[in-house]
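Asks: Got a structure here, written out as structure tokens. Questions coming.
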Amino acid sequence: MLVRCLYASRAVTTGPDIESILDQSRRNNPKLGITGMLCVSDDVFIQVLEGGRDEVCDLFNTIVRDPRHTHVRILVFEEISERRFANWTMGQVNLAKVNPSILLKYSDKATLNPFGCSGHATMALLQELVATAAITGRPS
Ligand SMILES: Cc1cc2nc3c(=O)[nH]c(=O)nc-3n(C[C@H](O)[C@H](O)[C@H](O)COP(=O)(O)O)c2cc1C
């Protein structure tokens with residue numbers, strides 16, 4: 001059974017930590033059959049994880065305990081019939097490089113605030129970022 005988990009958190013540190021998180025993701029996720037995307041702004045992470053229910057839940061439980069972020073909030077958890085991020089072991093979006101009009105399309109201000117809007121709006125934003133090729137990194 002496939003599930004999708006979307007969550008947001010507050011970054012404790014950024015910079016080199018992002019590379020190390022992406023390295024870990026790209027090393028571990030293929031073995032687990034997990035795909036997804038990590039979206040990073042100044043102090044916010046948004047991540048979507050897709051895969052088997054056990055694998056996604058186990059990885060999420062590991063991620064929640066990671067000291068590089070705090071205030072982890074699940075935005076969407078759903079059973080799915082197909083993946084939306086099948087091509088990405090863990091794609092990355094740096095929101096500093098995203099056109100503000102895309103942010104404005106889904107929220108009241110051109111800043112990222114996943115804690116103050118619906119999970120489905122945040123999911124729609126991520127899908128648009130994939131569609132507009134704002135996503136970077138190595139496809140799986
Ligand atoms: C925002 C965030 C997202 C993360 N995403 C993943 C991920 O998709 N896959 C992963 O294996 N680790 C991820 N991690 C790291 C895990 O918390 C943990 O450090 C890692 O899985 C340990 O892997 P290792 O034992 O191979 O070093 C993430 C950490 C943070 C803070």
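Labels used: A, B, ... for chains in the order of the structure tokens, numbers from 1 for residues in each chain, and numbers from 1 for ligands as shown.
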For chain A against ligand 1, with a cut-off of 10 Å and counting only C-alpha atoms and all ligand atoms, what is the closest atom pair and its distance in Å to one decimal for every residue that makes the cut, ordered by chain and number, as a tab-separated table?

Replies:
residue	atom	partner	partner_atom_place_in_ligand_line	distance
A:Tyr7	CA	ligand 1	1 (C)	9.1
A:Ala8	CA	ligand 1	1 (C)	8.2
A:Ser9	CA	ligand 1	1 (C)	7.1
A:Arg10	CA	ligand 1	1 (C)	8.6
A:Ala11	CA	ligand 1	1 (C)	7.4
A:Val12	CA	ligand 1	31 (C)	8.7
A:Thr13	CA	ligand 1	31 (C)	9.2
A:Thr14	CA	ligand 1	31 (C)	9.6
A:Asp17	CA	ligand 1	31 (C)	8.3
A:Ile18	CA	ligand 1	2 (C)	8.2
A:Ser20	CA	ligand 1	15 (C)	8.2
A:Ile21	CA	ligand 1	28 (C)	5.2
A:Leu22	CA	ligand 1	6 (C)	7.0
A:Asp23	CA	ligand 1	10 (C)	8.3
A:Gln24	CA	ligand 1	11 (O)	4.9
A:Ser25	CA	ligand 1	9 (N)	3.5
A:Arg26	CA	ligand 1	9 (N)	7.0
A:Arg27	CA	ligand 1	11 (O)	6.9
A:Asn28	CA	ligand 1	11 (O)	4.6
A:Asn29	CA	ligand 1	9 (N)	5.5
A:Pro30	CA	ligand 1	11 (O)	9.2
A:Lys31	CA	ligand 1	11 (O)	9.6
A:Leu32	CA	ligand 1	11 (O)	8.8
A:Ile34	CA	ligand 1	8 (O)	7.7
A:Thr35	CA	ligand 1	8 (O)	7.8
A:Gly36	CA	ligand 1	8 (O)	7.4
A:Met37	CA	ligand 1	8 (O)	7.9
A:Leu38	CA	ligand 1	3 (C)	6.9
A:Cys39	CA	ligand 1	1 (C)	8.7
A:Val40	CA	ligand 1	1 (C)	8.5
A:Val44	CA	ligand 1	1 (C)	8.7
A:Phe45	CA	ligand 1	1 (C)	5.6
A:Ile46	CA	ligand 1	1 (C)	7.2
A:Gln47	CA	ligand 1	3 (C)	6.7
A:Val48	CA	ligand 1	8 (O)	8.5
A:Leu49	CA	ligand 1	8 (O)	6.9
A:Glu50	CA	ligand 1	8 (O)	9.7
A:Val56	CA	ligand 1	8 (O)	9.2
A:Asp58	CA	ligand 1	21 (O)	9.9
A:Leu59	CA	ligand 1	9 (N)	6.7
A:Phe60	CA	ligand 1	17 (O)	8.0
A:Asn61	CA	ligand 1	17 (O)	8.4
A:Thr62	CA	ligand 1	17 (O)	5.2
A:Ile63	CA	ligand 1	17 (O)	3.6
A:Val64	CA	ligand 1	17 (O)	6.8
A:Arg65	CA	ligand 1	17 (O)	6.7
A:Asp66	CA	ligand 1	17 (O)	4.6
A:Pro67	CA	ligand 1	31 (C)	7.0
A:Arg68	CA	ligand 1	31 (C)	4.9
A:His69	CA	ligand 1	31 (C)	5.2
A:Thr70	CA	ligand 1	31 (C)	8.4
A:Val72	CA	ligand 1	1 (C)	9.0
A:Thr89	CA	ligand 1	8 (O)	7.9
A:Met90	CA	ligand 1	8 (O)	6.3
A:Gly91	CA	ligand 1	8 (O)	9.6

Asks: Just checking: using only C-alpha atoms, which residue out of A:Cys57, A:Thr122, A:Gln127, A:Glu19 ends up closest to Arg83 of chain A?

Replies: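 Checking each candidate against Arg83 of chain A, we get A:Gln127 as the closest.
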
Asks: Find the residue from A:Leu95, A:Val3, A:Ala86, A:Ile74 that sits nearest to Gly51 of chain A; use only C-alpha atoms when measuring.

Replies: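 Checking each of A:Leu95, A:Val3, A:Ala86, A:Ile74 against Gly51 of chain A, counting only C-alpha atoms, the winner is A:Val3.
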
Asks: Between atom CA of Ala131 of chain A and atom CA of Cys117 of chain A, measure the distance and give it in Å to one decimal.

Replies: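 Atom CA of Cys117 of chain A lies 21.0 Å from atom CA of Ala131 of chain A.
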
Asks: Please determine, counting only C-alpha atoms, which residue among A:Glu82, A:Glu128, A:Glu55, A:Asp43 has the shortest atom-to-atom distance to Pro114 of chain A.

Replies: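 Between A:Glu82, A:Glu128, A:Glu55, A:Asp43, the residue approaching Pro114 of chain A most closely is A:Asp43.
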
Asks: Chain A: which residues are strand (DSSP E) by DSSP, as a PyMOL selection string?

Replies: chain A and resi 2-11+35-40+44-52+69-80+91-94

Asks: Need the shell around segment 100-106 of chain A: protein/DNA/RNA residues with any atom at most 12 Å away, counting only C-alpha atoms. Skip same-chain ones fewer than 4 positions apart. Format as a list in words?

Replies: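 My list of contacting residues is Leu95, Ala96, Ala110, Thr111, Leu112, Asn113, Pro114, Gly116, Cys117, Ser118, Gly119, His120, Ala121, Thr122, Met123, Ala124, Leu125, Leu126, Gln127, Glu128, Leu129, Val130, Ala131, Thr132 and Ala134 of chain A.
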
Asks: Just how far from atom CA of Val93 of chain A is atom CA of Glu78 of chain A, in Å to one decimal?

Replies: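 Between these atoms lies a distance of 22.4 Å.
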
Asks: Please report the interatomic distance between atom CA of Gly33 of chain A and atom CA of Leu75 of chain A in Å with one decimal.

Replies: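 Calculated distance between atom CA of Gly33 of chain A and atom CA of Leu75 of chain A is 21.6 Å.
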
Asks: Please run DSSP on the backbone and report, as a PyMOL selection string, all residues within chain A that come out as alpha helix (DSSP H).

Replies: chain A and resi 16-32+53-64+100-106+119-131
